[in-house]
>>> print(open('final.tsv').read())   # TSV, C-alpha atoms
chain	number	residue	atom	x	y	z
A	1	MET	CA	-24.79	109.48	-25.30
A	2	GLY	CA	-25.42	106.77	-22.72
A	3	THR	CA	-25.18	102.97	-23.19
A	4	PRO	CA	-28.32	101.75	-24.86
A	5	PHE	CA	-30.63	99.57	-22.69
A	6	ARG	CA	-31.19	96.05	-24.06
A	7	SER	CA	-34.49	94.58	-22.93
A	8	GLY	CA	-34.34	91.07	-21.31
A	9	ILE	CA	-30.67	91.19	-20.28
A	10	LEU	CA	-31.19	92.58	-16.81
A	11	ARG	CA	-33.78	91.31	-14.33
A	12	LYS	CA	-35.58	93.24	-11.72
A	13	PRO	CA	-34.33	92.69	-8.18
A	14	ASN	CA	-37.57	91.03	-6.99
A	15	GLU	CA	-37.42	88.43	-9.81
A	16	THR	CA	-33.83	87.56	-8.92
A	17	MET	CA	-34.76	87.05	-5.28
A	18	ARG	CA	-37.73	84.83	-6.27
A	19	LEU	CA	-35.40	82.64	-8.34
A	20	ILE	CA	-32.94	82.27	-5.46
A	21	VAL	CA	-35.68	81.36	-2.96
A	22	THR	CA	-37.26	78.86	-5.36
A	23	THR	CA	-33.91	77.20	-5.97
A	24	PHE	CA	-33.20	76.98	-2.24
A	25	VAL	CA	-36.59	75.48	-1.44
A	26	GLY	CA	-36.14	72.93	-4.21
A	27	VAL	CA	-32.75	71.89	-2.86
A	28	VAL	CA	-34.11	71.52	0.67
A	29	PHE	CA	-37.14	69.57	-0.54
A	30	GLY	CA	-34.94	67.27	-2.59
A	31	PHE	CA	-32.62	66.70	0.35
A	32	PHE	CA	-35.41	65.64	2.69
A	33	LEU	CA	-36.98	63.51	-0.01
A	34	GLY	CA	-33.70	61.72	-0.56
A	35	VAL	CA	-33.21	61.13	3.17
A	36	SER	CA	-36.67	59.71	3.64
A	37	PHE	CA	-36.79	57.54	0.49
A	38	PRO	CA	-34.86	54.47	1.95
A	39	THR	CA	-37.55	54.10	4.61
A	40	LEU	CA	-40.49	54.20	2.23
A	41	THR	CA	-42.74	51.19	2.61
A	42	LEU	CA	-42.62	49.03	-0.48
A	43	THR	CA	-46.08	47.73	0.22
A	44	LYS	CA	-47.43	51.31	-0.12
A	45	MET	CA	-45.91	51.69	-3.57
A	46	ASN	CA	-48.17	51.02	-6.53
A	47	LEU	CA	-45.80	48.84	-8.55
A	48	PRO	CA	-47.00	47.61	-11.95
A	49	THR	CA	-47.55	43.84	-12.03
A	50	SER	CA	-45.71	43.62	-15.34
A	51	LEU	CA	-42.53	44.79	-13.62
A	52	PHE	CA	-42.47	42.42	-10.63
A	53	PRO	CA	-43.83	38.90	-10.08
A	54	SER	CA	-46.65	38.40	-7.60
A	55	ILE	CA	-44.71	38.08	-4.34
A	56	ASP	CA	-45.21	38.98	-0.73
A	57	LEU	CA	-43.59	42.41	-0.45
A	58	THR	CA	-44.45	42.62	3.23
A	59	TYR	CA	-42.31	39.52	3.87
A	60	ILE	CA	-39.41	40.98	1.87
A	61	GLU	CA	-39.64	44.29	3.68
A	62	ASP	CA	-39.50	42.57	7.07
A	63	LYS	CA	-36.70	40.19	6.11
A	64	TYR	CA	-34.50	42.82	4.47
A	65	ALA	CA	-35.30	45.84	6.61
A	66	GLY	CA	-31.61	46.74	6.77
A	67	LEU	CA	-31.26	47.19	3.02
A	68	SER	CA	-31.88	50.40	1.13
A	69	SER	CA	-34.94	50.62	-1.07
A	70	GLN	CA	-32.74	50.91	-4.14
A	71	ALA	CA	-30.98	47.65	-3.27
A	72	LEU	CA	-34.33	45.94	-2.87
A	73	LEU	CA	-35.57	47.31	-6.18
A	74	ASN	CA	-32.41	46.09	-7.89
A	75	ALA	CA	-32.84	42.62	-6.37
A	76	LEU	CA	-36.48	42.41	-7.37
A	77	SER	CA	-35.72	43.60	-10.87
A	78	SER	CA	-33.19	40.81	-11.28
A	79	LEU	CA	-35.96	38.28	-10.67
A	80	LYS	CA	-37.66	39.40	-13.85
A	81	GLY	CA	-34.64	38.45	-15.88
A	82	ASN	CA	-34.30	34.95	-14.39
A	83	ARG	CA	-36.99	33.29	-16.45
A	84	ASP	CA	-35.77	29.70	-15.92
A	85	THR	CA	-36.82	29.44	-12.28
A	86	SER	CA	-38.66	32.48	-10.97
A	87	THR	CA	-41.22	32.63	-13.75
A	88	TYR	CA	-42.26	29.02	-13.10
A	89	PHE	CA	-42.15	29.45	-9.33
A	90	TYR	CA	-44.41	32.47	-9.26
A	91	ARG	CA	-46.75	31.55	-12.10
A	92	TYR	CA	-48.57	28.84	-10.15
A	93	ASN	CA	-50.42	29.71	-7.00
A	94	ASP	CA	-52.21	27.52	-4.51
A	95	THR	CA	-55.49	27.61	-6.42
A	96	GLU	CA	-54.05	25.79	-9.43
A	97	ILE	CA	-52.76	22.69	-7.57
A	98	TRP	CA	-55.09	20.39	-5.65
A	99	VAL	CA	-54.22	16.73	-5.15
A	100	PRO	CA	-56.82	15.03	-2.92
A	101	THR	CA	-54.66	11.90	-2.56
A	102	ASN	CA	-51.92	13.92	-0.83
A	103	PRO	CA	-51.65	13.72	2.98
A	104	ARG	CA	-54.35	15.73	4.72
A	105	GLY	CA	-53.45	19.40	4.72
A	106	ALA	CA	-50.95	19.06	1.86
A	107	GLU	CA	-53.43	18.95	-1.01
A	108	ARG	CA	-52.09	22.22	-2.44
A	109	LEU	CA	-48.60	20.82	-2.94
A	110	PRO	CA	-47.30	19.00	-6.01
A	111	PRO	CA	-46.83	15.34	-4.97
A	112	ASN	CA	-43.11	15.20	-5.79
A	113	ILE	CA	-42.25	17.80	-3.12
A	114	ILE	CA	-44.05	16.02	-0.26
A	115	ALA	CA	-41.90	14.35	2.41
A	116	ALA	CA	-44.57	12.42	4.30
A	117	GLU	CA	-42.15	10.38	6.43
A	118	SER	CA	-39.17	11.22	8.59
A	119	ASP	CA	-36.61	9.46	10.80
A	120	PHE	CA	-34.25	9.87	13.75
A	121	PHE	CA	-31.08	9.98	11.63
A	122	LEU	CA	-28.65	12.56	12.99
A	123	ARG	CA	-27.32	14.86	10.26
A	124	ARG	CA	-24.39	17.23	9.90
A	125	LEU	CA	-24.64	20.99	9.62
A	126	TRP	CA	-22.25	21.07	6.64
A	127	GLY	CA	-21.42	19.22	3.44
A	128	GLN	CA	-23.77	17.43	1.08
A	129	PRO	CA	-26.93	15.91	2.61
A	130	SER	CA	-26.40	12.75	0.56
A	131	GLU	CA	-23.10	12.22	2.38
A	132	ASP	CA	-24.37	12.72	5.94
A	133	LEU	CA	-24.84	9.05	6.87
A	134	ALA	CA	-21.88	6.68	6.75
A	135	ILE	CA	-24.27	3.97	8.03
A	136	LYS	CA	-28.05	4.18	7.81
A	137	PRO	CA	-29.47	2.30	10.82
A	138	LYS	CA	-32.07	-0.34	9.95
A	139	TYR	CA	-33.55	-0.80	13.43
A	140	LEU	CA	-34.79	1.42	16.26
A	141	VAL	CA	-34.53	0.71	19.97
A	142	THR	CA	-36.07	2.90	22.65
A	143	PHE	CA	-35.68	2.76	26.42
A	144	THR	CA	-37.61	4.75	28.98
A	145	VAL	CA	-34.94	5.36	31.57
A	146	GLY	CA	-33.85	6.87	34.83
A	147	TYR	CA	-30.26	7.57	35.77
A	148	ASP	CA	-30.16	4.83	38.43
A	149	GLN	CA	-30.60	2.09	35.80
A	150	MET	CA	-28.09	3.44	33.27
A	151	LYS	CA	-25.74	0.44	33.57
A	152	ASN	CA	-28.41	-1.86	32.16
A	153	ILE	CA	-28.55	0.03	28.89
A	154	ASP	CA	-24.82	-0.01	28.21
A	155	ALA	CA	-24.76	-3.07	25.93
A	156	ALA	CA	-26.21	-5.18	23.15
A	157	PHE	CA	-26.97	-2.76	20.28
A	158	SER	CA	-24.75	-2.11	17.27
A	159	GLU	CA	-24.51	0.81	14.85
A	160	ASN	CA	-27.36	-0.77	12.90
A	161	PHE	CA	-29.63	0.60	15.63
A	162	THR	CA	-30.81	4.12	16.23
A	163	ILE	CA	-31.03	4.47	20.02
A	164	VAL	CA	-33.64	6.74	21.60
A	165	LEU	CA	-33.67	7.33	25.35
A	166	PHE	CA	-36.81	8.69	26.96
A	167	HIS	CA	-35.84	10.20	30.32
A	168	TYR	CA	-38.55	10.20	32.98
A	169	ASP	CA	-36.26	11.75	35.64
A	170	GLY	CA	-34.94	14.72	33.63
A	171	ARG	CA	-31.29	13.61	33.91
A	172	THR	CA	-29.77	13.47	30.44
A	173	SER	CA	-26.26	14.91	30.45
A	174	GLU	CA	-24.94	12.25	32.87
A	175	TRP	CA	-25.32	9.66	30.12
A	176	ASP	CA	-22.49	11.22	28.15
A	177	GLU	CA	-20.02	8.94	29.91
A	178	PHE	CA	-21.08	6.30	27.37
A	179	GLU	CA	-19.75	6.86	23.87
A	180	TRP	CA	-22.88	5.42	22.25
A	181	SER	CA	-25.04	7.85	24.22
A	182	ARG	CA	-23.49	10.77	22.34
A	183	ARG	CA	-25.01	9.48	19.11
A	184	ALA	CA	-28.34	8.62	20.74
A	185	ILE	CA	-31.50	10.73	20.72
A	186	HIS	CA	-32.46	12.00	24.17
A	187	VAL	CA	-36.00	13.11	25.00
A	188	SER	CA	-36.89	14.28	28.48
A	189	ALA	CA	-40.28	14.69	30.17
A	190	ARG	CA	-40.50	14.07	33.88
A	191	LYS	CA	-42.59	11.22	35.29
A	192	GLN	CA	-43.90	9.94	31.96
A	193	THR	CA	-44.19	6.32	30.84
A	194	LYS	CA	-42.86	4.67	27.71
A	195	TRP	CA	-46.34	4.45	26.17
A	196	TRP	CA	-46.84	8.17	26.72
A	197	TYR	CA	-43.56	8.72	24.86
A	198	ALA	CA	-44.36	6.16	22.18
A	199	LYS	CA	-47.67	7.77	21.31
A	200	ARG	CA	-46.09	11.19	20.96
A	201	PHE	CA	-42.66	10.52	19.48
A	202	LEU	CA	-42.92	7.20	17.60
A	203	HIS	CA	-45.57	7.98	15.03
A	204	PRO	CA	-45.43	5.37	12.23
A	205	ASP	CA	-44.39	8.03	9.71
A	206	ILE	CA	-41.44	8.95	11.93
A	207	VAL	CA	-40.17	5.39	12.40
A	208	ALA	CA	-40.99	4.26	8.85
A	209	PRO	CA	-37.33	3.76	7.79
A	210	TYR	CA	-36.78	1.11	10.46
A	211	ASP	CA	-37.52	-2.57	9.82
A	212	TYR	CA	-38.06	-3.32	13.53
A	213	ILE	CA	-38.87	-1.14	16.53
A	214	PHE	CA	-37.85	-2.22	20.06
A	215	ILE	CA	-39.85	-0.48	22.82
A	216	TRP	CA	-38.23	-1.66	26.04
A	217	ASP	CA	-38.27	-1.09	29.77
A	218	GLU	CA	-35.07	-0.14	31.55
A	219	ASP	CA	-34.84	-3.00	34.07
A	220	LEU	CA	-33.78	-5.71	31.61
A	221	GLY	CA	-30.55	-7.63	31.86
A	222	VAL	CA	-29.10	-8.19	28.37
A	223	GLU	CA	-26.00	-10.28	29.13
A	224	HIS	CA	-27.42	-13.18	27.08
A	225	PHE	CA	-28.90	-11.07	24.32
A	226	ASP	CA	-27.50	-10.20	20.89
A	227	ALA	CA	-29.78	-7.89	18.93
A	228	GLU	CA	-28.46	-8.83	15.48
A	229	GLU	CA	-28.96	-12.53	16.14
A	230	TYR	CA	-32.39	-11.81	17.51
A	231	ILE	CA	-33.42	-10.07	14.28
A	232	LYS	CA	-32.22	-13.06	12.24
A	233	LEU	CA	-34.46	-15.40	14.25
A	234	VAL	CA	-37.44	-13.05	14.00
A	235	ARG	CA	-37.09	-13.02	10.21
A	236	LYS	CA	-36.54	-16.77	10.04
A	237	HIS	CA	-39.74	-17.56	11.95
A	238	GLY	CA	-41.89	-14.83	10.39
A	239	LEU	CA	-42.62	-12.94	13.61
A	240	GLU	CA	-44.29	-9.54	13.25
A	241	ILE	CA	-44.56	-8.98	17.01
A	242	SER	CA	-42.12	-10.66	19.40
A	243	GLN	CA	-40.08	-10.46	22.56
A	244	PRO	CA	-37.02	-12.22	23.97
A	245	GLY	CA	-37.70	-15.08	26.35
A	246	LEU	CA	-37.50	-14.25	30.07
A	247	GLU	CA	-35.19	-16.02	32.45
A	248	PRO	CA	-37.56	-18.35	34.39
A	249	ASN	CA	-36.24	-17.47	37.83
A	250	ASN	CA	-36.66	-13.68	37.61
A	251	GLY	CA	-39.82	-11.56	37.36
A	252	LEU	CA	-41.97	-14.02	35.42
A	253	THR	CA	-45.73	-13.39	35.15
A	254	TRP	CA	-46.93	-15.44	32.18
A	255	GLN	CA	-45.93	-18.90	31.01
A	256	MET	CA	-45.94	-17.69	27.42
A	257	THR	CA	-42.95	-15.40	27.96
A	258	LYS	CA	-40.88	-17.99	29.85
A	259	ARG	CA	-37.70	-18.96	28.03
A	260	ARG	CA	-37.45	-22.53	26.83
A	261	GLY	CA	-34.06	-24.14	26.62
A	262	ASP	CA	-34.91	-26.55	23.83
A	263	SER	CA	-36.10	-24.24	21.03
A	264	GLU	CA	-35.25	-21.10	19.07
A	265	VAL	CA	-38.79	-19.70	19.16
A	266	HIS	CA	-42.14	-20.71	20.61
A	267	LYS	CA	-45.60	-19.38	19.76
A	268	VAL	CA	-47.95	-21.32	22.07
A	269	THR	CA	-47.97	-22.47	25.67
A	270	GLU	CA	-50.17	-23.96	28.36
A	271	GLU	CA	-51.40	-21.69	31.10
A	272	ARG	CA	-53.37	-22.29	34.26
A	273	PRO	CA	-56.63	-24.23	33.90
A	274	GLY	CA	-59.46	-22.13	32.52
A	275	TRP	CA	-57.30	-19.28	31.31
A	276	CYS	CA	-57.45	-20.18	27.62
A	277	ASN	CA	-60.75	-21.41	26.22
A	278	ASP	CA	-59.16	-21.12	22.77
A	279	PRO	CA	-55.52	-22.28	22.43
A	280	HIS	CA	-54.91	-19.61	19.78
A	281	VAL	CA	-55.71	-16.59	21.98
A	282	PRO	CA	-53.85	-14.82	24.81
A	283	PRO	CA	-52.30	-15.65	27.12
A	284	CYS	CA	-51.71	-19.10	25.56
A	285	ALA	CA	-50.81	-17.80	22.09
A	286	ALA	CA	-50.64	-14.54	20.08
A	287	PHE	CA	-49.20	-12.90	23.18
A	288	VAL	CA	-46.11	-11.04	24.37
A	289	GLU	CA	-45.74	-8.72	27.35
A	290	ILE	CA	-45.42	-4.96	27.16
A	291	MET	CA	-42.07	-4.84	28.97
A	292	ALA	CA	-39.89	-5.73	25.93
A	293	PRO	CA	-41.94	-5.94	22.72
A	294	VAL	CA	-40.40	-5.80	19.25
A	295	PHE	CA	-42.59	-4.71	16.35
A	296	SER	CA	-42.17	-4.93	12.62
A	297	ARG	CA	-42.74	-1.69	10.76
A	298	ASP	CA	-46.17	-2.77	9.53
A	299	SER	CA	-47.42	-4.13	12.85
A	300	TRP	CA	-46.32	-0.98	14.68
A	301	ARG	CA	-48.36	1.18	12.31
A	302	CYS	CA	-51.45	-0.64	13.56
A	303	VAL	CA	-50.44	-0.83	17.23
A	304	TRP	CA	-49.62	2.88	17.42
A	305	HIS	CA	-53.16	3.76	16.41
A	306	MET	CA	-54.54	1.49	19.13
A	307	ILE	CA	-52.55	3.16	21.93
A	308	GLN	CA	-54.78	5.58	23.84
A	309	ASN	CA	-53.53	9.08	24.58
A	310	ASP	CA	-54.66	9.10	28.19
A	311	LEU	CA	-53.94	5.47	29.15
A	312	VAL	CA	-50.23	5.85	29.75
A	313	HIS	CA	-49.31	2.51	31.37
A	314	GLY	CA	-50.29	0.27	28.47
A	315	TRP	CA	-51.90	-2.41	30.61
A	316	GLY	CA	-54.18	-4.58	28.51
A	317	LEU	CA	-52.42	-3.63	25.30
A	318	ASP	CA	-50.56	-6.96	25.21
A	319	PHE	CA	-53.88	-8.84	25.05
A	320	ALA	CA	-55.00	-6.74	22.08
A	321	LEU	CA	-51.82	-6.84	19.98
A	322	ARG	CA	-53.21	-9.79	18.01
A	323	LYS	CA	-55.70	-7.46	16.34
A	324	CYS	CA	-52.83	-6.04	14.30
A	325	VAL	CA	-51.53	-9.22	12.60
A	326	GLU	CA	-53.15	-12.20	10.94
A	327	PRO	CA	-52.93	-15.06	11.76
A	328	ALA	CA	-51.84	-13.77	15.13
A	329	HIS	CA	-50.93	-17.17	16.63
A	330	GLU	CA	-48.38	-17.62	13.85
A	331	LYS	CA	-46.95	-14.08	13.71
A	332	ILE	CA	-46.57	-13.35	17.43
A	333	GLY	CA	-43.99	-15.30	19.41
A	334	VAL	CA	-41.16	-15.46	21.92
A	335	VAL	CA	-37.49	-15.89	20.94
A	336	ASP	CA	-35.94	-18.42	23.33
A	337	SER	CA	-32.34	-18.56	22.17
A	338	GLN	CA	-31.85	-14.82	22.78
A	339	TRP	CA	-33.15	-14.09	26.24
A	340	ILE	CA	-33.21	-11.34	28.83
A	341	VAL	CA	-33.57	-11.09	32.61
A	342	HIS	CA	-36.41	-9.05	34.06
A	343	GLN	CA	-34.96	-7.42	37.17
A	344	SER	CA	-38.37	-6.21	38.45
A	345	VAL	CA	-37.12	-2.82	39.60
A	346	ARG	CA	-40.00	-0.54	40.57
A	347	SER	CA	-38.24	2.47	39.12
A	348	LEU	CA	-41.24	4.21	37.58
A	349	GLY	CA	-43.38	3.30	40.56
A	350	SER	CA	-41.15	5.48	42.70
A	351	GLN	CA	-42.18	8.42	40.53
A	352	GLY	CA	-45.72	8.24	41.94
A	353	GLN	CA	-47.11	10.37	44.75
A	354	ALA	CA	-47.03	9.19	48.34
A	355	GLU	CA	-50.28	9.48	50.25
A	356	ILE	CA	-51.19	8.84	53.85
A	357	GLY	CA	-50.46	5.22	54.56
A	358	ARG	CA	-49.55	4.42	50.95
A	359	ALA	CA	-46.21	4.22	49.18
A	360	PRO	CA	-45.79	6.01	45.82
A	361	TRP	CA	-45.82	2.76	43.85
A	362	GLU	CA	-49.22	1.72	45.25
A	363	GLY	CA	-51.01	4.61	43.58
A	364	VAL	CA	-49.22	3.83	40.32
A	365	ARG	CA	-50.25	0.18	40.48
A	366	GLU	CA	-53.86	1.12	41.19
A	367	ARG	CA	-53.97	3.32	38.11
A	368	CYS	CA	-52.46	0.53	36.03
A	369	ARG	CA	-55.35	-1.78	36.94
A	370	GLU	CA	-57.93	0.93	36.30
A	371	GLU	CA	-56.44	1.64	32.88
A	372	TRP	CA	-56.62	-2.04	31.97
A	373	THR	CA	-60.36	-2.08	32.66
A	374	MET	CA	-60.87	1.18	30.77
A	375	PHE	CA	-58.95	-0.09	27.75
A	376	GLN	CA	-60.94	-3.32	27.64
A	377	ASP	CA	-64.20	-1.39	27.78
A	378	ARG	CA	-63.11	0.90	24.97
A	379	ILE	CA	-62.18	-2.03	22.72
A	380	VAL	CA	-65.52	-3.75	23.38
A	381	ASN	CA	-67.53	-0.57	22.78
A	382	ALA	CA	-65.59	0.31	19.62
A	383	GLU	CA	-66.19	-3.14	18.15
A	384	LYS	CA	-69.89	-3.00	18.98
A	385	ALA	CA	-70.21	0.45	17.42
A	386	TYR	CA	-68.49	-0.74	14.26
A	387	PHE	CA	-70.77	-3.73	13.72
A	388	VAL	CA	-73.88	-1.72	14.50
A	389	ALA	CA	-72.80	0.89	11.95
A	390	ILE	CA	-72.49	-1.74	9.19
A	391	GLY	CA	-75.75	-3.43	10.19
A	392	LYS	CA	-74.35	-6.63	11.67
A	393	ASP	CA	-74.67	-8.24	15.06
A	394	PRO	CA	-71.39	-7.89	16.96
A	395	PRO	CA	-69.60	-11.17	17.69
A	396	ASN	CA	-68.25	-11.99	21.12
A	397	SER	CA	-65.59	-9.45	21.99
A	398	THR	CA	-61.97	-10.58	21.77
A	399	ALA	CA	-60.65	-7.80	23.94
A	400	HIS	CA	-60.45	-9.77	27.21
>>> encode(input="final.tsv", output="structure tokens")
Amino acid sequence: MGTPFRSGILRKPNETMRLIVTTFVGVVFGFFLGVSFPTLTLTKMNLPTSLFPSIDLTYIEDKYAGLSSQALLNALSSLKGNRDTSTYFYRYNDTEIWVPTNPRGAERLPPNIIAAESDFFLRRLWGQPSEDLAIKPKYLVTFTVGYDQMKNIDAAFSENFTIVLFHYDGRTSEWDEFEWSRRAIHVSARKQTKWWYAKRFLHPDIVAPYDYIFIWDEDLGVEHFDAEEYIKLVRKHGLEISQPGLEPNNGLTWQMTKRRGDSEVHKVTEERPGWCNDPHVPPCAAFVEIMAPVFSRDSWRCVWHMIQNDLVHGWGLDFALRKCVEPAHEKIGVVDSQWIVHQSVRSLGSQGQAEIGRAPWEGVRERCREEWTMFQDRIVNAEKAYFVAIGKDPPNSTAH
């Protein structure tokens, strides 16, 4: 008798082949799926919101494109377990915070995170931020400079001063021969004036940490000047806007800025007949020149807003400075016992453009005069517009 046939033990050949083919196709499909999975786009995946916080997956994908998808999923999953920080961070979005008293544009931020002011303090790239500054400078001095006048700047300012050099000739690296220059801030834009720089780089919120701001020309001799002593006298006499006295024999334009040998500070003077109908107005009082002004923090906040973007020479500004302090004839003055020498070097004038029959400085001087007239007109028109808007007759303008 033959071996009995047991149903279900043996398969037909075609069924066996089907099983083999199915298994092979499954292995191949799984292989290609596994290869392609690390490049799947997370933003295309429909992830449940209960699993991950509401975050920008597109940003994460771009930032961590070199990581596998599994590594990203592991990292994201860990966020869910860190309830102390991530839950709070992601719970509040920009529609739940609105503080109208914040600086413009920052209304969506909680007030305690806003840093509305900055400074020129140089910081390290390592260590604790709180340990970056061995000395925090209290004063700021800026010079608008060219390489040819570099010897004038090599003096007079201690570590209590942050030094900013505005380079109108593009030459910055040559200044490294001075040790102090290596801790200075250097800003370079060719053929620009100090008032162009001041308007763009000395915003009141940038210079807010400094008690006094010096905005000086480059052609000033400082052999008889000590900045620390100068600050003491400014504080003593309550000056919000000031300048050192000028040596009488060099580059003197106004009697007000002439150094007197018998006083620490003066605030009034006598000018030529007819120049001062009121003894409390410029140029007989409430007046310093624009070559070497020194501003308190508060007065500079006002003056900065008065500087015009397109009037780069600043002519006429010295006659309007009194609008920023009150009473101006008491808070604007000249420090006699710390004086400087105006060398009258036409350094910036040489940066002008020569024309037929005219030297470069002549075109610069012509623009200076035109800007003075334009500035005066703008002050007068702005005052008139203000008084008209509030329904009052404008008084006589004080711009001239």
>>> atom_distance(input="final.tsv", atom1="CA of Ala115 in chain A", atom2="CA of Ile206 in chain A")
11.0 Å
>>> residues_around(input="final.tsv", residues="range 299-312 of chain A", least_positions_apart="4", cutoff="9 Å", atoms="only C-alpha atoms", output="count of residues only")
31
>>> axis_aligned_box(input="final.tsv", around="range 201-220 of chain A", padding_each_side="8 Å", output="AutoDock Vina command-line options")
--center_x -39.7 --center_y 2.4 --center_z 20.9 --size_x 27.8 --size_y 32.2 --size_z 42.3
>>> atom_distance(input="final.tsv", atom1="CA of Glu326 in chain A", atom2="CA of Val388 in chain A")
23.5 Å
>>> closest_residue(input="final.tsv", among="A:Phe287, A:Glu229, A:Val99, A:Ser181", to="Asn112 in chain A", atoms="all atoms listed in the file")
A:Val99
>>> atom_distance(input="final.tsv", atom1="CA of Val222 in chain A", atom2="CA of Trp339 in chain A")
7.5 Å
>>> closest_residue(input="final.tsv", among="A:Lys384, A:His342, A:Lys236, A:Arg322", to="Met291 in chain A", atoms="only C-alpha atoms")
A:His342
>>> closest_residue(input="final.tsv", among="A:Phe214, A:Val145, A:His224, A:Arg365", to="Arg190 in chain A", atoms="all atoms listed in the file")
A:Val145
>>> closest_residue(input="final.tsv", among="A:Ala189, A:Phe161, A:Val334, A:Phe225", to="Gly245 in chain A", atoms="all atoms listed in the file")
A:Val334
>>> closest_residue(input="final.tsv", among="A:Glu330, A:Glu177, A:Val268, A:Gly316", to="Glu370 in chain A", atoms="all atoms listed in the file")
A:Gly316
>>> residues_around(input="final.tsv", residues="Trp275 in chain A", least_positions_apart="5", cutoff="9 Å", atoms="all atoms listed in the file", output="ChimeraX atom specification")
/A:282-284
>>> write_last_selection(input="final.tsv", atoms="C-alpha atoms", output="PDB file, in the coordinates of the input")
ATOM      1  CA  PRO A 282     -53.850 -14.820  24.810  1.00  0.00           C
ATOM      2  CA  PRO A 283     -52.300 -15.650  27.120  1.00  0.00           C
ATOM      3  CA  CYS A 284     -51.710 -19.100  25.560  1.00  0.00           C
TER       4      CYS A 284
END
>>> closest_residue(input="final.tsv", among="A:Asp169, A:Asp211, A:Asp318, A:Glu117", to="Lys136 in chain A", atoms="all atoms listed in the file")
A:Asp211
